[in-house]
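S.K.: Okay, here's the structure, questions in a sec.
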Amino acid sequence: MNIIAKISCTLSNGMFGNEYAVEIITSGGEKASFFMDKDLVTHNGSESTGFIKANIVENEGEDCTVLLPKEALEQGTRWVRVPKNQIAFA
Amino acid sequence: MILSNVEILKGIRDKQFSISKLAGLDPAKSPFNTSAVDLTLSSEIVIPKFEVPIQLDLRKPGIAKLLAQNSTSVIITECQPYALKHGLLVLGKTNESVSFPLTAGAGCYSARVEGRSSIARCGILVHFTAPTIHAGFEGTITLEIINLGYADFLLYPGLKICQLIIEEVKGIPAEAPNQFKGQQDAVGVVTSADKH
């Protein structure tokens, strides 16, 4: 559980002022969204895109299984598969 | 096992977990109880919009954005609290931010947010289905506040709204890569590709 990577995400206003609605792309092109406190999100030079930190659980092939910091609303789980092209390894 | 007030403070001091902005660090005084620590309401309340009926379908993408677009944020103050009426739901957040880190090869902690008896007596639920703060969580805690009582209930910043009960997680959560490879049970990842 010690492999932490950054997952690309798009950002929009959350329900609270101190949070973003975060959206990531999972394997198969599905989107997963959840809310994150703003201070836990890193911008990549744009207001609407950035990175969130997540634990890498499995790293094999073209995808990784990651443990998200929050449960994805659509998938109902913190464990999702994410394409490696969406992940920046530290 | 539930941590006592003394063990909660020890865990904070040993950096096994953190709770920011605690009102005090004396285990024999507020915000500590014998086996919990009280958390307070922040100055922002989120109210669902009622004007436009929406339907939430968790199978469709963009749920977080949809929820955000269909709610209104209100800042409350000591002088201008929010009067929560019977039967209404609002969201609140704790002032305190918590962190229960996952550390490689080491044990970890999780927590449960629960109501407080004094507020319960007024008919207020501060969560009704999601009390668990999982190991690995970091951030402020969102509260689903609903008034089941018949009197308006005033929400103001700093209100001791809930209590945090901290527990040691038995065993070490999955730490090795590939641990979930091929797993098909409840903790496995289910995607559209898996379903087809």
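A note on labels: chains of the structure tokens are A, B, ... as shown, every chain counts residues from 1, and ligands are counted from 1 in their shown order.
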Show me, as a list in words, the residues that have an atom within 8 Å of Ser8 (chain A) when counting only C-alpha atoms, minus same-chain residues fewer than 6 positions from it.

M.R.: Ile24, Thr49, Gly50, Phe51, Ile52, Gln86, Ile87 and Ala88 of chain A

S.K.: Would you mind exporting the chosen residues as an mmCIF file, in the first residue's frame, restricted to N, CA, C and O atoms?

M.R.:
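File produced: result.cif:
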```cif
data_model
loop_
_atom_site.group_PDB
_atom_site.id
_atom_site.type_symbol
_atom_site.label_atom_id
_atom_site.label_comp_id
_atom_site.auth_asym_id
_atom_site.auth_seq_id
_atom_site.Cartn_x
_atom_site.Cartn_y
_atom_site.Cartn_z
ATOM 1 N N ILE A 24 -12.393 11.204 -12.713
ATOM 2 C CA ILE A 24 -11.257 10.509 -13.329
ATOM 3 C C ILE A 24 -11.785 9.535 -14.380
ATOM 4 O O ILE A 24 -12.967 9.179 -14.367
ATOM 5 N N THR A 49 -8.202 21.140 -14.345
ATOM 6 C CA THR A 49 -7.571 19.821 -14.379
ATOM 7 C C THR A 49 -6.493 19.737 -13.301
ATOM 8 O O THR A 49 -5.976 20.758 -12.848
ATOM 9 N N GLY A 50 -6.169 18.529 -12.916
ATOM 10 C CA GLY A 50 -5.158 18.362 -11.892
ATOM 11 C C GLY A 50 -4.895 16.911 -11.595
ATOM 12 O O GLY A 50 -5.137 16.034 -12.439
ATOM 13 N N PHE A 51 -4.390 16.675 -10.395
ATOM 14 C CA PHE A 51 -4.058 15.321 -9.963
ATOM 15 C C PHE A 51 -4.576 15.078 -8.549
ATOM 16 O O PHE A 51 -4.608 15.992 -7.739
ATOM 17 N N ILE A 52 -4.948 13.843 -8.304
ATOM 18 C CA ILE A 52 -5.213 13.412 -6.933
ATOM 19 C C ILE A 52 -4.261 12.268 -6.616
ATOM 20 O O ILE A 52 -3.814 11.562 -7.518
ATOM 21 N N GLN A 86 -3.242 7.560 -17.484
ATOM 22 C CA GLN A 86 -3.870 8.532 -16.585
ATOM 23 C C GLN A 86 -3.102 8.665 -15.271
ATOM 24 O O GLN A 86 -3.532 9.380 -14.372
ATOM 25 N N ILE A 87 -2.005 7.935 -15.178
ATOM 26 C CA ILE A 87 -1.288 7.866 -13.899
ATOM 27 C C ILE A 87 0.128 8.413 -14.050
ATOM 28 O O ILE A 87 0.826 8.085 -15.000
ATOM 29 N N ALA A 88 0.518 9.231 -13.082
ATOM 30 C CA ALA A 88 1.910 9.691 -13.014
ATOM 31 C C ALA A 88 2.523 9.066 -11.777
ATOM 32 O O ALA A 88 2.081 9.327 -10.657
#
```

S.K.: Using only C-alpha atoms, I'd like every residue of chain A that has an atom within 10 Å of chain B; please write them out as a PyMOL selection string.

M.R.: chain A and resi 1-3+11-24+26-40+54-60+64-70+72-81

S.K.: Based on the selection just made, write C-alpha atoms of those residues as a JSON list (two decimals), in the first residue's frame.

M.R.:
```
[["chain", "number", "residue", "atom", "x", "y", "z"],
["A", 1, "MET", "CA", 0.00, 0.00, 0.00],
["A", 2, "ASN", "CA", 3.03, 2.27, -0.07],
["A", 3, "ILE", "CA", 3.03, 2.98, -3.80],
["A", 11, "LEU", "CA", -12.18, 19.48, -11.57],
["A", 12, "SER", "CA", -15.34, 21.45, -11.12],
["A", 13, "ASN", "CA", -17.01, 23.16, -8.18],
["A", 14, "GLY", "CA", -17.98, 20.83, -5.37],
["A", 15, "MET", "CA", -20.95, 21.10, -3.07],
["A", 16, "PHE", "CA", -18.88, 22.90, -0.45],
["A", 17, "GLY", "CA", -16.62, 25.83, -1.16],
["A", 18, "ASN", "CA", -13.55, 23.95, 0.06],
["A", 19, "GLU", "CA", -14.01, 20.96, -2.21],
["A", 20, "TYR", "CA", -13.95, 19.97, -5.86],
["A", 21, "ALA", "CA", -16.13, 17.56, -7.76],
["A", 22, "VAL", "CA", -13.37, 15.32, -9.13],
["A", 23, "GLU", "CA", -13.75, 13.14, -12.19],
["A", 24, "ILE", "CA", -11.26, 10.51, -13.33],
["A", 26, "THR", "CA", -11.24, 4.49, -15.45],
["A", 27, "SER", "CA", -10.38, 1.51, -17.63],
["A", 28, "GLY", "CA", -12.90, 1.04, -20.38],
["A", 29, "GLY", "CA", -13.45, 4.79, -20.57],
["A", 30, "GLU", "CA", -15.96, 4.98, -17.75],
["A", 31, "LYS", "CA", -15.82, 8.04, -15.55],
["A", 32, "ALA", "CA", -15.70, 7.95, -11.79],
["A", 33, "SER", "CA", -16.52, 10.99, -9.69],
["A", 34, "PHE", "CA", -16.26, 11.93, -6.07],
["A", 35, "PHE", "CA", -15.63, 14.95, -3.86],
["A", 36, "MET", "CA", -12.22, 15.97, -2.55],
["A", 37, "ASP", "CA", -11.06, 18.77, -0.29],
["A", 38, "LYS", "CA", -9.28, 21.36, -2.42],
["A", 39, "ASP", "CA", -6.08, 21.17, -0.42],
["A", 40, "LEU", "CA", -5.74, 17.50, -1.37],
["A", 54, "ALA", "CA", -4.09, 7.35, -4.83],
["A", 55, "ASN", "CA", -2.52, 4.09, -3.69],
["A", 56, "ILE", "CA", -1.47, 1.65, -6.36],
["A", 57, "VAL", "CA", -2.60, -1.85, -5.49],
["A", 58, "GLU", "CA", -1.87, -3.71, -8.69],
["A", 59, "ASN", "CA", 0.42, -2.62, -11.50],
["A", 60, "GLU", "CA", 0.25, -4.95, -14.43],
["A", 64, "CYS", "CA", -3.44, -0.28, -12.53],
["A", 65, "THR", "CA", -5.83, -1.07, -9.75],
["A", 66, "VAL", "CA", -5.84, 1.92, -7.45],
["A", 67, "LEU", "CA", -7.35, 2.62, -4.08],
["A", 68, "LEU", "CA", -8.98, 6.03, -4.36],
["A", 69, "PRO", "CA", -9.02, 8.38, -1.39],
["A", 70, "LYS", "CA", -12.82, 8.51, -1.61],
["A", 72, "ALA", "CA", -16.44, 6.75, -6.47],
["A", 73, "LEU", "CA", -20.13, 7.58, -6.61],
["A", 74, "GLU", "CA", -20.85, 5.73, -9.84],
["A", 75, "GLN", "CA", -18.86, 2.59, -9.04],
["A", 76, "GLY", "CA", -19.65, 2.51, -5.34],
["A", 77, "THR", "CA", -16.11, 1.50, -4.46],
["A", 78, "ARG", "CA", -12.67, 2.95, -3.76],
["A", 79, "TRP", "CA", -11.03, 0.21, -5.84],
["A", 80, "VAL", "CA", -11.00, 1.09, -9.51],
["A", 81, "ARG", "CA", -8.89, 0.19, -12.50]]
```

S.K.: DSSP says strand (DSSP E) for which residues of chain A? Put them as number ranges by chain?

M.R.: A: 4-13, 19-25, 31-37, 41-43, 49-60, 63-72, 77-83, 87-89
